[in-house]
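Please read the structure below before turning to the comments.
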Amino acid sequence: MSLSTRELLSRALKQQLLTTRLNRVTVSSLSAQAGINRQTFYYHFSDVYDLAAWVFEQEIANHILDHATYGEWAEGYRTLLRYMQDHREETRAVLNSITHQRRDEFFLGQFRFMMEAIVTELQGDIVLRDEDRQFIIDHYASSIHGHFLRWLARDGQDDPDILVSNIEKILKGSVTESLERFAQPRPSTSRTQSG
């Protein structure tokens, strides 16, 4: 199976980051390592930081999406934070190279995807209005995102195990309770006999 140009460049960047700081990586060196010309690089990415942001987002998305269930979300979140700690310099360089809006839209979108999967799993036969269901998803995604931003503001120094454990304690059971509080009455299936 052949790799796409983006995947080739992703591999080249990750390989170079083992020995070279992100601000020292060049388009020429990445293109040569990936076996493409510079023009092809620019067809896919505007610069090295754009590639780094894309690689970062792919890696992060995989950590979250692989654990998007009620039983596994905490492990996915913990893995995400550990990944960012283990790749601190790369993470800092990428986050500093993108706007806060792009960062927040990306992470909030990932947390929404995770909460969508959790709500779908827990909802069962609870009937909700679409806007109520979306509000619940947005509420919990925003809460998780808020803790994430606080963790980032503290330069990722807080222990991921403690943070995720605390969030887990708050969420345990509360998502289901929220779904039940917003539940709509079920339509009656029996017909009344007039008589």
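If you're wondering about the labels, chains in the structure tokens are A, B, ... by order shown, residues count from 1 in each chain, ligands from 1 in order shown.
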Discussion item. What parts of range 16-64 of chain A does DSSP call alpha helix (DSSP H)? I'd like the answer as a ChimeraX atom specification.
Written reply: /A:16-17,27-34,38-44,48-64
Fill in: Among the residues A:Phe45, A:Phe56, A:Trp151, A:Tyr140, the one that comes closest to Ile170 in chain A [using only C-alpha atoms]
A:Tyr140
Worksheet item: So which residues touch Asp161 in chain A within 12 Å, counting only C-alpha atoms, skipping near sequence neighbours fewer than 6 positions away, as an NGL selection string?
Response: :A and (74-82 or 167-168)
Per residue of range 44-145 of chain A within 10 Å of range 26-29 of chain A, what are the shortest atom pair and its distance in Å to one decimal, counting only C-alpha atoms, with rows by chain and residue number, as a tab-separated table?
residue	atom	partner	partner_atom	distance
A:Phe45	CA	A:Val27	CA	9.8
A:Ser46	CA	A:Val27	CA	9.8
A:Asp47	CA	A:Val27	CA	7.0
A:Val48	CA	A:Val27	CA	6.2
A:Tyr49	CA	A:Thr26	CA	10.0
A:Leu51	CA	A:Val27	CA	9.8
Fill in: range 32-37 of chain A environment, 8 Å, only C-alpha atoms, sequence neighbours closer than 6 positions dropped, as a list in words
Thr5, Leu8, Leu9 and Ala12 of chain A
For the residues in that selection, give me N, CA and C atoms as a short mmCIF file (atom, residue, chain, number, x, y, z; two decimals), in the first residue's frame.
data_model
loop_
_atom_site.label_atom_id
_atom_site.label_comp_id
_atom_site.auth_asym_id
_atom_site.auth_seq_id
_atom_site.Cartn_x
_atom_site.Cartn_y
_atom_site.Cartn_z
N THR A 5 1.24 11.61 -0.12
CA THR A 5 2.29 12.62 0.03
C THR A 5 2.27 13.19 1.45
N LEU A 8 3.90 10.72 3.75
CA LEU A 8 5.35 10.72 3.56
C LEU A 8 6.00 11.91 4.26
N LEU A 9 5.39 13.08 4.10
CA LEU A 9 5.92 14.27 4.76
C LEU A 9 5.78 14.18 6.27
N ALA A 12 8.56 11.98 7.47
CA ALA A 12 9.83 12.69 7.35
C ALA A 12 9.98 13.70 8.50
#
Practice prompt. Kindly indicate which residue among A:Phe148, A:Tyr83, A:Phe41, A:Phe182 lies nearest to Gln110 in chain A, using only C-alpha atoms for the distances.
Written response: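 Smallest separation from Gln110 in chain A among the options: A:Phe148.
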Fill in: Atom pair CA of Glu121 in chain A / CA of His145 in chain A: separation (Å)
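Interatomic distance, CA of Glu121 in chain A to CA of His145 in chain A: 20.6 Å.
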Worksheet item: So how many Å separate CA of Ala141 in chain A and CA of Phe107 in chain A, to one decimal?
Response: 9.4 Å
Worksheet item: Using only C-alpha atoms, which residue out of A:Asp130, A:Glu90, A:Glu57, A:Glu72 lies closest to Val25 in chain A?
Response: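 That would be A:Glu90, the residue with the smallest distance to Val25 in chain A.
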Worksheet item: Between A:Arg112, A:His44, A:Arg88, A:Arg24, which has the minimum distance to Trp73 in chain A (counting only C-alpha atoms)?
Response: A:Arg112
Discussion item. Can you measure CA of Thr120 in chain A to CA of Thr69 in chain A for me? One decimal in Å is fine.
Written reply: 9.1 Å
